[in-house]
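Trainee: Structure supplied as protein36.csv; contents: CSV, C-alpha atoms and all ligand atoms.
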chain,number,residue,atom,x,y,z
A,200,MET,CA,18.1,-9.2,13.6
A,201,THR,CA,17.9,-9.2,9.8
A,202,LEU,CA,14.5,-9.4,8.0
A,203,ASP,CA,15.4,-12.9,6.8
A,204,SER,CA,16.2,-14.1,10.4
A,205,TYR,CA,13.0,-12.5,11.6
A,206,LEU,CA,11.0,-14.4,8.9
A,207,GLU,CA,12.8,-17.7,9.8
A,208,LYS,CA,12.2,-17.1,13.5
A,209,ASN,CA,8.5,-16.6,12.8
A,210,GLY,CA,8.2,-19.8,10.9
A,211,TYR,CA,7.8,-18.5,7.3
A,212,SER,CA,8.6,-21.0,4.6
A,213,GLN,CA,11.8,-20.9,2.6
A,214,ASP,CA,9.9,-20.1,-0.5
A,215,LEU,CA,8.3,-17.1,1.1
A,216,ARG,CA,11.7,-15.9,2.5
A,217,ASP,CA,13.1,-16.3,-1.0
A,218,LEU,CA,10.3,-14.2,-2.5
A,219,ILE,CA,10.8,-11.4,0.0
A,220,GLN,CA,14.5,-11.5,-0.7
A,221,VAL,CA,13.8,-11.2,-4.4
A,222,ILE,CA,11.7,-8.1,-3.8
A,223,THR,CA,14.0,-6.4,-1.3
A,224,ALA,CA,17.0,-7.0,-3.7
A,225,GLN,CA,15.3,-4.6,-6.1
A,226,VAL,CA,15.2,-1.7,-3.6
A,227,GLN,CA,18.7,-0.5,-4.5
A,228,PRO,CA,18.2,-0.8,-8.3
A,229,ILE,CA,15.0,1.2,-8.0
A,230,LYS,CA,16.6,3.8,-5.8
A,231,ASP,CA,19.4,4.1,-8.4
A,232,GLU,CA,16.8,5.1,-11.0
A,233,PHE,CA,15.7,8.1,-9.1
A,234,LEU,CA,18.2,10.4,-10.8
A,235,GLY,CA,16.5,11.5,-14.0
A,236,GLY,CA,13.5,9.3,-13.2
A,237,GLU,CA,11.2,12.2,-12.7
A,238,GLU,CA,11.1,12.9,-16.4
A,239,LYS,CA,7.8,12.2,-18.1
A,240,ALA,CA,7.7,8.9,-19.9
A,241,GLY,CA,5.1,10.1,-22.5
A,242,THR,CA,2.8,7.2,-21.7
A,243,TYR,CA,-0.3,6.7,-19.6
A,244,ASN,CA,-1.4,3.9,-17.4
A,245,ILE,CA,-4.8,2.2,-17.3
A,246,TYR,CA,-6.2,5.0,-15.1
A,247,GLY,CA,-5.2,7.7,-17.6
A,248,GLU,CA,-2.4,9.0,-15.4
A,249,GLU,CA,0.7,10.1,-17.2
A,250,GLN,CA,3.7,7.9,-16.2
A,251,ILE,CA,7.1,9.1,-15.3
A,252,LYS,CA,10.2,7.1,-16.3
A,253,LEU,CA,10.6,5.9,-12.7
A,254,ASP,CA,7.0,4.4,-12.6
A,255,LYS,CA,7.9,2.3,-15.6
A,256,ARG,CA,11.4,1.4,-14.5
A,257,ALA,CA,10.3,0.3,-11.0
A,258,ASN,CA,7.6,-1.8,-12.6
A,259,GLU,CA,10.0,-3.4,-15.1
A,260,ILE,CA,12.7,-4.1,-12.4
A,261,LEU,CA,10.2,-5.9,-10.1
A,262,LEU,CA,8.5,-7.8,-13.0
A,263,GLU,CA,11.8,-9.0,-14.3
A,264,ALA,CA,12.8,-10.2,-10.8
A,265,PHE,CA,9.5,-12.1,-10.5
A,266,ARG,CA,10.0,-13.7,-13.9
A,267,ASN,CA,13.5,-14.9,-13.0
A,268,SER,CA,12.6,-16.0,-9.5
A,269,ASN,CA,10.5,-19.0,-10.5
A,270,LEU,CA,8.4,-18.4,-7.4
A,271,VAL,CA,5.5,-16.4,-8.8
A,272,LYS,CA,2.4,-17.6,-10.5
A,273,GLN,CA,0.5,-14.4,-11.0
A,274,VAL,CA,1.5,-10.7,-10.8
A,275,ALA,CA,-0.9,-7.8,-10.8
A,276,SER,CA,0.7,-4.3,-11.0
A,277,GLU,CA,-0.8,-0.8,-10.9
A,278,GLU,CA,1.2,-0.1,-14.1
A,279,GLU,CA,-0.2,-3.1,-16.1
A,280,ASN,CA,-3.6,-3.5,-17.7
A,281,GLU,CA,-4.2,-7.1,-16.7
A,282,VAL,CA,-3.0,-9.9,-14.4
A,283,ILE,CA,0.3,-11.4,-15.7
A,284,HIS,CA,0.5,-15.1,-15.6
A,285,LEU,CA,4.1,-16.4,-15.3
A,286,ASN,CA,5.0,-19.8,-16.6
A,287,SER,CA,7.4,-20.6,-13.7
A,288,LYS,CA,7.7,-24.3,-12.8
A,289,LYS,CA,7.4,-24.2,-9.1
A,290,GLY,CA,5.9,-20.7,-8.9
A,291,HIS,CA,2.9,-20.6,-6.6
A,292,PHE,CA,2.6,-17.1,-5.1
A,293,GLY,CA,0.4,-14.4,-6.3
A,294,VAL,CA,1.8,-10.9,-5.9
A,295,THR,CA,0.3,-7.4,-6.3
A,296,MET,CA,2.4,-4.3,-6.5
A,297,ASP,CA,2.2,-0.6,-6.7
A,298,PRO,CA,5.8,-0.3,-7.9
A,299,LEU,CA,6.0,3.4,-7.0
A,300,ASP,CA,3.1,4.9,-4.9
A,301,GLY,CA,2.9,8.6,-4.8
A,302,SER,CA,5.0,9.1,-7.9
A,303,SER,CA,3.6,12.6,-8.5
A,304,LEU,CA,5.8,13.6,-5.6
A,305,ILE,CA,9.0,12.5,-7.2
A,306,PRO,CA,9.6,15.9,-8.9
A,307,THR,CA,9.3,17.6,-5.5
A,308,ASN,CA,11.6,15.1,-3.7
A,309,LEU,CA,9.0,14.0,-1.2
A,310,THR,CA,8.6,10.4,0.2
A,311,VAL,CA,7.2,7.7,-2.0
A,312,GLY,CA,6.8,3.9,-1.5
A,313,ILE,CA,6.5,0.5,-2.9
A,314,ILE,CA,3.4,-1.5,-1.8
A,315,ILE,CA,3.2,-5.3,-2.1
A,316,SER,CA,0.7,-8.0,-1.1
A,317,ILE,CA,1.2,-11.7,-1.4
A,318,TYR,CA,-1.4,-14.4,-2.0
A,319,LYS,CA,-0.2,-17.9,-0.9
A,320,ASN,CA,-2.9,-19.4,-3.1
A,321,GLY,CA,-1.4,-17.7,-6.1
A,322,GLU,CA,-4.7,-16.1,-7.2
A,323,VAL,CA,-4.6,-12.4,-6.9
A,324,MET,CA,-8.3,-11.9,-7.9
A,325,SER,CA,-9.5,-14.4,-5.3
A,326,GLY,CA,-10.4,-11.8,-2.7
A,327,LEU,CA,-8.5,-9.7,-0.2
A,328,LYS,CA,-9.3,-12.2,2.5
A,329,ASN,CA,-6.7,-14.4,0.9
A,330,ILE,CA,-3.8,-12.0,1.4
A,331,THR,CA,-1.2,-13.8,3.5
A,332,GLN,CA,1.4,-11.1,3.8
A,333,ALA,CA,1.7,-7.5,2.9
A,334,PHE,CA,4.3,-4.8,3.2
A,335,TYR,CA,5.4,-1.4,2.1
A,336,ILE,CA,8.8,0.0,1.6
A,337,LEU,CA,9.0,3.7,2.3
A,338,LEU,CA,11.6,5.6,0.2
A,339,GLY,CA,12.2,8.6,2.4
A,340,PRO,CA,15.1,10.2,4.3
A,341,LEU,CA,15.5,6.6,5.6
A,342,THR,CA,14.4,3.5,3.7
A,343,VAL,CA,12.1,1.4,5.9
A,344,MET,CA,9.9,-1.6,5.4
A,345,VAL,CA,6.7,-2.4,7.4
A,346,PHE,CA,5.8,-6.0,7.1
A,347,ALA,CA,2.6,-7.8,8.2
A,348,GLY,CA,2.0,-11.5,8.2
A,349,LYS,CA,0.4,-14.0,10.5
A,350,ASN,CA,-0.6,-11.9,13.4
A,351,GLU,CA,2.0,-9.3,13.7
A,352,VAL,CA,3.5,-6.1,12.2
A,353,ALA,CA,7.2,-5.3,12.3
A,354,GLU,CA,9.4,-2.5,11.0
A,355,PHE,CA,12.8,-2.8,9.4
A,356,LEU,CA,15.5,-0.3,8.5
A,357,TYR,CA,17.6,-0.5,5.4
A,358,ASN,CA,21.3,-0.4,6.4
A,359,LYS,CA,24.4,0.6,4.6
A,360,GLU,CA,24.9,-3.0,3.4
A,361,GLY,CA,21.5,-3.0,1.8
A,362,ILE,CA,20.0,-5.3,4.4
A,363,PHE,CA,16.8,-4.7,6.3
A,364,ASP,CA,17.3,-4.8,10.1
A,365,LEU,CA,14.5,-5.2,12.6
A,366,VAL,CA,13.6,-2.0,14.4
A,367,LYS,CA,10.3,-2.8,16.1
A,368,GLU,CA,8.0,-5.8,16.3
A,369,GLY,CA,4.5,-6.2,17.7
A,370,ILE,CA,3.5,-2.8,16.3
A,371,ILE,CA,0.1,-1.6,17.4
A,372,LEU,CA,-1.7,1.2,15.5
A,373,PRO,CA,-2.6,3.5,18.4
A,374,GLU,CA,-5.7,5.6,18.9
A,375,GLY,CA,-4.7,9.1,17.8
A,376,LYS,CA,-5.7,12.4,16.3
A,377,ILE,CA,-4.0,12.8,12.8
A,378,TYR,CA,-6.3,13.1,9.8
A,379,SER,CA,-5.3,12.7,6.2
A,380,PRO,CA,-8.2,13.7,3.9
A,381,GLY,CA,-7.7,13.0,0.2
A,382,GLY,CA,-9.9,14.1,-2.7
A,383,LEU,CA,-10.9,17.6,-3.8
A,384,LYS,CA,-13.0,19.3,-1.1
A,385,ASN,CA,-15.5,20.6,-3.6
A,386,LYS,CA,-16.2,17.1,-4.7
A,387,TRP,CA,-16.8,15.7,-1.2
A,388,THR,CA,-20.3,14.3,-0.4
A,389,ASP,CA,-22.3,16.0,2.5
A,390,ALA,CA,-21.8,12.8,4.6
A,391,HIS,CA,-18.1,12.9,4.2
A,392,ARG,CA,-17.9,16.7,4.8
A,393,ASP,CA,-19.7,16.0,8.1
A,394,VAL,CA,-17.2,13.3,9.0
A,395,ILE,CA,-14.3,15.7,8.4
A,396,ARG,CA,-16.0,18.5,10.3
A,397,THR,CA,-16.4,16.2,13.3
A,398,LEU,CA,-12.7,15.3,13.2
A,399,GLN,CA,-11.8,18.9,13.1
A,400,GLU,CA,-14.1,19.8,16.0
A,401,ASN,CA,-12.5,17.0,18.0
A,402,GLY,CA,-9.0,18.5,17.6
A,403,PHE,CA,-7.6,16.2,14.9
A,404,LYS,CA,-4.5,17.6,13.2
A,405,LEU,CA,-4.2,17.7,9.4
A,406,ARG,CA,-1.3,15.9,7.7
A,407,TYR,CA,-1.6,15.0,4.0
A,408,SER,CA,1.3,14.6,1.6
A,409,GLY,CA,-0.3,13.2,-1.5
A,410,SER,CA,1.4,9.9,-1.2
A,411,PHE,CA,-0.5,7.1,0.5
A,412,THR,CA,2.5,5.2,1.8
A,413,PRO,CA,4.0,7.9,4.1
A,414,ASP,CA,0.5,9.2,5.0
A,415,PHE,CA,-0.4,5.7,6.2
A,416,HIS,CA,2.9,5.3,7.9
A,417,GLN,CA,2.2,8.4,9.9
A,418,ILE,CA,-1.2,7.1,10.9
A,419,LEU,CA,0.4,3.8,11.9
A,420,ASN,CA,2.8,5.6,14.2
A,421,TYR,CA,0.6,8.4,15.6
A,422,GLY,CA,-3.0,7.1,15.1
A,423,GLY,CA,-6.0,8.8,13.4
A,424,VAL,CA,-7.4,8.2,10.0
A,425,PHE,CA,-6.4,8.4,6.4
A,426,THR,CA,-9.3,8.7,3.9
A,427,TYR,CA,-9.7,8.9,0.2
A,428,PRO,CA,-13.5,9.0,0.0
A,429,ALA,CA,-16.2,8.6,-2.6
A,430,LEU,CA,-16.4,11.9,-4.5
A,431,THR,CA,-19.5,13.4,-6.2
A,432,ASP,CA,-17.9,12.7,-9.6
A,433,LYS,CA,-16.0,9.5,-8.6
A,434,PRO,CA,-18.2,7.3,-6.5
A,435,TYR,CA,-15.4,4.8,-6.0
A,436,GLY,CA,-12.8,7.4,-5.1
A,437,LYS,CA,-9.2,7.1,-6.5
A,438,LEU,CA,-7.3,4.4,-4.7
A,439,ARG,CA,-7.0,0.9,-6.0
A,440,VAL,CA,-8.3,-2.2,-4.2
A,441,LEU,CA,-5.6,-4.6,-5.3
A,442,PHE,CA,-2.5,-2.3,-5.2
A,443,GLU,CA,-3.0,0.3,-2.5
A,444,VAL,CA,-6.0,-0.1,-0.2
A,445,GLY,CA,-6.0,-4.0,0.1
A,446,PRO,CA,-2.4,-4.3,1.3
A,447,MET,CA,-2.7,-1.4,3.7
A,448,ALA,CA,-6.0,-2.7,5.1
A,449,PHE,CA,-4.2,-6.0,5.8
A,450,ILE,CA,-1.4,-4.2,7.6
A,451,ALA,CA,-3.8,-1.9,9.5
A,452,GLU,CA,-5.9,-4.9,10.8
A,453,LYS,CA,-2.8,-6.9,11.8
A,454,ALA,CA,-1.7,-3.9,13.8
A,455,GLY,CA,-5.1,-3.7,15.5
A,456,GLY,CA,-6.5,-0.9,13.3
A,457,ALA,CA,-9.4,-1.0,10.9
A,458,ALA,CA,-10.2,-0.2,7.3
A,459,ILE,CA,-13.6,0.3,5.7
A,460,ASP,CA,-15.0,1.7,2.4
A,461,GLY,CA,-17.5,3.7,4.4
A,462,LYS,CA,-19.9,0.9,5.2
A,463,SER,CA,-18.0,-2.4,4.8
A,464,ARG,CA,-14.7,-3.9,5.7
A,465,ILE,CA,-12.1,-3.5,3.0
A,466,LEU,CA,-10.7,-7.0,3.5
A,467,ASP,CA,-14.1,-8.5,2.5
A,468,ILE,CA,-13.8,-7.2,-1.0
A,469,ILE,CA,-13.5,-9.7,-3.8
A,470,PRO,CA,-12.5,-7.6,-6.8
A,471,THR,CA,-14.2,-8.2,-10.1
A,472,LYS,CA,-11.6,-6.2,-12.1
A,473,VAL,CA,-7.9,-5.6,-11.8
A,474,ASP,CA,-8.3,-1.8,-11.8
A,475,GLN,CA,-11.1,-1.7,-9.2
A,476,ARG,CA,-11.1,1.4,-7.0
A,477,THR,CA,-12.7,1.9,-3.6
A,478,PRO,CA,-13.3,4.7,-1.1
A,479,VAL,CA,-11.3,4.1,2.1
A,480,TYR,CA,-11.2,5.1,5.7
A,481,ILE,CA,-8.2,3.5,7.4
A,482,GLY,CA,-6.5,3.9,10.8
A,483,SER,CA,-7.3,3.7,14.5
A,484,LYS,CA,-10.0,1.2,15.2
A,485,GLU,CA,-12.2,3.4,17.4
A,486,VAL,CA,-11.9,6.4,15.0
A,487,VAL,CA,-12.8,4.3,12.0
A,488,LEU,CA,-15.7,2.6,13.7
A,489,LYS,CA,-17.1,6.0,14.8
A,490,ILE,CA,-16.9,7.1,11.2
A,491,LYS,CA,-18.7,4.0,10.1
A,492,GLU,CA,-21.4,4.6,12.6
A,493,LYS,CA,-21.8,8.2,11.4
A,494,LEU,CA,-21.9,7.3,7.7
A,495,SER,CA,-24.5,4.5,8.4
A,496,LEU,CA,-26.9,7.1,9.9
A,497,LYS,CA,-26.9,9.0,6.5
B,1,LIG,P1,0.0,6.8,-7.6
B,1,LIG,O1,0.1,5.4,-7.2
B,1,LIG,O2,-0.2,7.0,-9.1
B,1,LIG,O3,1.1,7.7,-7.1
B,1,LIG,O4,-1.4,7.4,-7.1
B,1,LIG,C1,-1.8,7.2,-5.8
B,1,LIG,C2,-1.7,8.4,-4.9
B,1,LIG,C3,-1.7,8.0,-3.5
B,1,LIG,O5,-0.4,7.7,-3.0
B,1,LIG,C4,-2.2,9.3,-2.8
B,1,LIG,O6,-2.9,9.0,-1.6
B,1,LIG,C5,-3.2,9.8,-3.8
B,1,LIG,O7,-2.8,9.3,-5.1
B,1,LIG,C6,-3.1,11.3,-3.8
B,1,LIG,O8,-4.0,11.8,-4.7
B,1,LIG,P2,-4.4,13.3,-4.8
B,1,LIG,O9,-3.3,13.9,-5.6
B,1,LIG,O10,-5.7,13.4,-5.4
B,1,LIG,O11,-4.3,13.9,-3.4
B,2,MG,MG,-0.3,4.2,-5.9
Show me this structure written as structure tokens.
Ligand code: AHM
Ligand code: MG
Mentor:
Amino acid sequence: MTLDSYLEKNGYSQDLRDLIQVITAQVQPIKDEFLGGEEKAGTYNIYGEEQIKLDKRANEILLEAFRNSNLVKQVASEEENEVIHLNSKKGHFGVTMDPLDGSSLIPTNLTVGIIISIYKNGEVMSGLKNITQAFYILLGPLTVMVFAGKNEVAEFLYNKEGIFDLVKEGIILPEGKIYSPGGLKNKWTDAHRDVIRTLQENGFKLRYSGSFTPDFHQILNYGGVFTYPALTDKPYGKLRVLFEVGPMAFIAEKAGGAAIDGKSRILDIIPTKVDQRTPVYIGSKEVVLKIKEKLSLK
């Protein structure tokens, strides 16, 4: 079954199906930019990170597609300084995007991803509770998409014709023992250090690539926890609420997992600025809840 037939079968509106089609049609153009795309662009994003050409191209390709689609009211991108308001006539969706997550791995040819969330109310700053669909596209040895909407998560595989075919539906994030700990160890807080020590003592296996999308995908498949915590010099950690953590938290919860900032549920966040960051612990429900309990005792 194709992605579009899956969306139709599950009762999604024609507009939503069109929007997803607009986004998935940009996968090949973005993949085509990989050759030479690892070169530095000589510019920096709002977070002070040096962009590579591919960061900018992926952003431009998706933005242009949204502009031409007439379906989108607001776009927020990790590569833009503010929310972009599009003057489309019937556009009513809000979209957030990390056009190329994990781009520091491009020069080493490791897996990266595109992360998207959709707000049916069109208002990307209205709070993560208003996300209606979220998905990521993993650009690895295979190109796959993991889509969450309503109450279910499904995975699709990009075929030779450039169409996403259903591979699995009803995905459940299992309890498991992988841990992916981000952030410099010498900047971890004592409380976080204690959490990691406990995971290690309980036989958790380390898997961390430096790209959130494949690291989360691994947790979705095998169970465990991904964390990018508060650091002693960065109390909000590194990852962004709107572009990275929010969409993945939505996917995790729809798959039966959990996502917290240490104390509170990620999906309760109402961002006050577009570049807001948050610490995150995301993965198997029991593992994340135990971490929450441990951190609340500190
Ligand atoms: P990016 O969107 O600019 O690539 O940055 C986000 C990435 C995440 O994919 C990943 O989890 C994190 O940054 C890795 O950071 P670090 O290099 O500190 O481990
Ligand atoms: Mg990113």
Trainee: Set the cut-off to 8 Å, count only C-alpha atoms and all ligand atoms, and list whatever residues fall near ligand LIG 1 (chain B) as an MDAnalysis selection string.
Mentor: chainID A and resid 248 277 297 299:304 311 381:383 407:412 414 427 437:438 443
Trainee: Between A:Val424, A:Glu278, A:Pro434, A:Ile314, which residue has the minimum interatomic distance to A:Val473, considering only C-alpha atoms?
Mentor: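 Distance minimum relative to A:Val473 lands on A:Glu278.
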Trainee: Using only C-alpha atoms, find the one residue out of A:Asn358, A:Thr477, A:Asn420, A:Ser463 that sits nearest to A:Gln227.
Mentor: A:Asn358
Trainee: For a quick check of understanding, using all atoms listed in the file, which of A:Thr295, A:Ser212, A:Thr331, A:Thr431 has the smallest distance to ligand MG 2 (chain B)?
Mentor: A:Thr295
Trainee: In Å, how far is it from atom CA of A:Asn385 to atom CA of A:Tyr435?
Mentor: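 Separation between atom CA of A:Asn385 and atom CA of A:Tyr435: 16.0 Å.
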Trainee: Which is closest to ligand MG 2 (chain B) among A:Ile315, A:Leu309, A:Leu430, A:Val352, if we use only C-alpha atoms and all ligand atoms?
Mentor: A:Ile315
Trainee: Which one is closest to ligand MG 2 (chain B): A:Met447, A:Ile490, A:Met324, A:Leu496? Count all atoms listed in the file.
Mentor: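 Ranked by minimum distance to ligand MG 2 (chain B), first place goes to A:Met447.
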Trainee: I'd like to know which of A:Val486, A:Ile245, A:Ile465, A:Val479 is closest to A:Asn401, using only C-alpha atoms.
Mentor: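 The shortest atom-to-atom distance to A:Asn401 comes from A:Val486.
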Trainee: So how many Å separate atom CA of A:Leu262 and atom CA of A:Thr223, to one decimal?
Mentor: 13.0 Å
Trainee: So how many Å separate atom CA of A:Trp387 and atom CA of A:Leu488, to one decimal?
Mentor: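 A separation of 19.9 Å between them.
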Trainee: Identify, on the basis of all atoms listed in the file, every residue whose closest approach to A:Gln332 does not exceed 9 Å; exclude the query and any residue fewer than 5 positions from it along the same chain; express the result as a list in words.
Mentor: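 Listing them by chain and then by number gives Ile315, Ser316, Ile317, Tyr318, Lys319, Phe346, Ala347, Gly348, Lys349, Pro446, Phe449 and Ile450 of chain A.
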Trainee: Could you write out the selected residues, including C-alpha atoms, as a compact mmCIF listing (two decimals), keeping the file's coordinate frame?
Mentor:
# COMPACT_ATOMS: atom_id res chain seq x y z
CA ILE A 315 3.20 -5.30 -2.10
CA SER A 316 0.70 -8.00 -1.10
CA ILE A 317 1.20 -11.70 -1.40
CA TYR A 318 -1.40 -14.40 -2.00
CA LYS A 319 -0.20 -17.90 -0.90
CA PHE A 346 5.80 -6.00 7.10
CA ALA A 347 2.60 -7.80 8.20
CA GLY A 348 2.00 -11.50 8.20
CA LYS A 349 0.40 -14.00 10.50
CA PRO A 446 -2.40 -4.30 1.30
CA PHE A 449 -4.20 -6.00 5.80
CA ILE A 450 -1.40 -4.20 7.60
Trainee: Using only C-alpha atoms, which protein or nucleic acid residues come within 8 Å of A:Leu270? Drop anything in the same chain fewer than 4 positions from it, and give the result as a PyMOL selection string.
Mentor: chain A and resi 214+218+265+287+289-292
Trainee: Quick one: residues within 10 Å of A:Ile371, only C-alpha atoms counted, chain neighbours fewer than 3 positions away excluded, as a list in words?
Mentor: Glu351, Val352, Ala353, Glu368, Glu374, Leu419, Asn420, Gly422, Ala451, Glu452, Lys453, Ala454, Gly455, Gly456 and Ser483 of chain A
Trainee: Taking 5 positions as the minimum chain separation for residues in the same chain, which residues sit within 9 Å of A:Glu322 when counting all atoms listed in the file? Answer as a list in words.
Mentor: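 In the requested form, the answer reads Lys272, Gln273, Val274, His291, Phe292, Gly293, Val294 and Asn329 of chain A.
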Trainee: Could I see stretch 389-397 of chain A restored to all heavy atoms, set down as a PDB file, in the frame of the given file?
Mentor:
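The new file result.pdb reads:
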ATOM      1  N   ASP A 389     -21.860  15.322   1.190  1.00  0.00           N
ATOM      2  CA  ASP A 389     -22.300  16.000   2.500  1.00  0.00           C
ATOM      3  C   ASP A 389     -21.894  15.096   3.642  1.00  0.00           C
ATOM      4  O   ASP A 389     -21.446  15.573   4.677  1.00  0.00           O
ATOM      5  CB  ASP A 389     -23.761  16.269   2.457  1.00  0.00           C
ATOM      6  CG  ASP A 389     -24.089  17.407   1.484  1.00  0.00           C
ATOM      7  OD1 ASP A 389     -23.139  18.120   1.076  1.00  0.00           O
ATOM      8  OD2 ASP A 389     -25.273  17.548   1.125  1.00  0.00           O
ATOM      9  N   ALA A 390     -22.113  13.781   3.472  1.00  0.00           N
ATOM     10  CA  ALA A 390     -21.800  12.800   4.600  1.00  0.00           C
ATOM     11  C   ALA A 390     -20.354  12.867   4.931  1.00  0.00           C
ATOM     12  O   ALA A 390     -19.982  12.911   6.117  1.00  0.00           O
ATOM     13  CB  ALA A 390     -22.274  11.439   4.172  1.00  0.00           C
ATOM     14  N   HIS A 391     -19.502  12.893   3.918  1.00  0.00           N
ATOM     15  CA  HIS A 391     -18.100  12.900   4.200  1.00  0.00           C
ATOM     16  C   HIS A 391     -17.631  14.246   4.796  1.00  0.00           C
ATOM     17  O   HIS A 391     -16.817  14.289   5.718  1.00  0.00           O
ATOM     18  CB  HIS A 391     -17.292  12.642   2.877  1.00  0.00           C
ATOM     19  CG  HIS A 391     -15.807  12.637   3.077  1.00  0.00           C
ATOM     20  ND1 HIS A 391     -15.148  11.610   3.709  1.00  0.00           N
ATOM     21  CD2 HIS A 391     -14.851  13.568   2.766  1.00  0.00           C
ATOM     22  CE1 HIS A 391     -13.851  11.892   3.775  1.00  0.00           C
ATOM     23  NE2 HIS A 391     -13.654  13.069   3.208  1.00  0.00           N
ATOM     24  N   ARG A 392     -18.211  15.312   4.277  1.00  0.00           N
ATOM     25  CA  ARG A 392     -17.900  16.700   4.800  1.00  0.00           C
ATOM     26  C   ARG A 392     -18.205  16.698   6.316  1.00  0.00           C
ATOM     27  O   ARG A 392     -17.457  17.261   7.103  1.00  0.00           O
ATOM     28  CB  ARG A 392     -18.831  17.648   4.070  1.00  0.00           C
ATOM     29  CG  ARG A 392     -18.272  19.041   3.915  1.00  0.00           C
ATOM     30  CD  ARG A 392     -19.266  19.883   3.120  1.00  0.00           C
ATOM     31  NE  ARG A 392     -19.318  19.490   1.713  1.00  0.00           N
ATOM     32  CZ  ARG A 392     -18.408  19.828   0.815  1.00  0.00           C
ATOM     33  NH1 ARG A 392     -17.391  20.570   1.168  1.00  0.00           N
ATOM     34  NH2 ARG A 392     -18.513  19.438  -0.435  1.00  0.00           N
ATOM     35  N   ASP A 393     -19.297  16.039   6.678  1.00  0.00           N
ATOM     36  CA  ASP A 393     -19.700  16.000   8.100  1.00  0.00           C
ATOM     37  C   ASP A 393     -18.696  15.198   8.916  1.00  0.00           C
ATOM     38  O   ASP A 393     -18.369  15.590  10.039  1.00  0.00           O
ATOM     39  CB  ASP A 393     -21.099  15.300   8.092  1.00  0.00           C
ATOM     40  CG  ASP A 393     -21.821  15.592   9.368  1.00  0.00           C
ATOM     41  OD1 ASP A 393     -21.578  16.676   9.946  1.00  0.00           O
ATOM     42  OD2 ASP A 393     -22.613  14.732   9.811  1.00  0.00           O
ATOM     43  N   VAL A 394     -18.195  14.102   8.344  1.00  0.00           N
ATOM     44  CA  VAL A 394     -17.200  13.300   9.000  1.00  0.00           C
ATOM     45  C   VAL A 394     -15.936  14.170   9.308  1.00  0.00           C
ATOM     46  O   VAL A 394     -15.417  14.224  10.428  1.00  0.00           O
ATOM     47  CB  VAL A 394     -16.768  12.063   8.178  1.00  0.00           C
ATOM     48  CG1 VAL A 394     -15.474  11.438   8.668  1.00  0.00           C
ATOM     49  CG2 VAL A 394     -17.890  11.040   8.157  1.00  0.00           C
ATOM     50  N   ILE A 395     -15.494  14.885   8.290  1.00  0.00           N
ATOM     51  CA  ILE A 395     -14.300  15.700   8.400  1.00  0.00           C
ATOM     52  C   ILE A 395     -14.511  16.830   9.436  1.00  0.00           C
ATOM     53  O   ILE A 395     -13.651  17.122  10.270  1.00  0.00           O
ATOM     54  CB  ILE A 395     -13.841  16.271   7.049  1.00  0.00           C
ATOM     55  CG1 ILE A 395     -13.513  15.119   6.086  1.00  0.00           C
ATOM     56  CG2 ILE A 395     -12.658  17.221   7.195  1.00  0.00           C
ATOM     57  CD1 ILE A 395     -12.363  14.219   6.503  1.00  0.00           C
ATOM     58  N   ARG A 396     -15.696  17.435   9.374  1.00  0.00           N
ATOM     59  CA  ARG A 396     -16.000  18.500  10.300  1.00  0.00           C
ATOM     60  C   ARG A 396     -15.919  17.986  11.762  1.00  0.00           C
ATOM     61  O   ARG A 396     -15.330  18.616  12.639  1.00  0.00           O
ATOM     62  CB  ARG A 396     -17.410  19.091  10.039  1.00  0.00           C
ATOM     63  CG  ARG A 396     -17.640  20.404  10.754  1.00  0.00           C
ATOM     64  CD  ARG A 396     -19.038  20.991  10.538  1.00  0.00           C
ATOM     65  NE  ARG A 396     -19.445  21.048   9.157  1.00  0.00           N
ATOM     66  CZ  ARG A 396     -20.463  20.372   8.620  1.00  0.00           C
ATOM     67  NH1 ARG A 396     -21.206  19.573   9.368  1.00  0.00           N
ATOM     68  NH2 ARG A 396     -20.765  20.482   7.340  1.00  0.00           N
ATOM     69  N   THR A 397     -16.457  16.794  11.976  1.00  0.00           N
ATOM     70  CA  THR A 397     -16.400  16.200  13.300  1.00  0.00           C
ATOM     71  C   THR A 397     -14.991  15.966  13.782  1.00  0.00           C
ATOM     72  O   THR A 397     -14.632  16.238  14.931  1.00  0.00           O
ATOM     73  CB  THR A 397     -17.232  14.888  13.343  1.00  0.00           C
ATOM     74  OG1 THR A 397     -18.512  15.157  12.809  1.00  0.00           O
ATOM     75  CG2 THR A 397     -17.370  14.328  14.733  1.00  0.00           C
TER      76      THR A 397
END
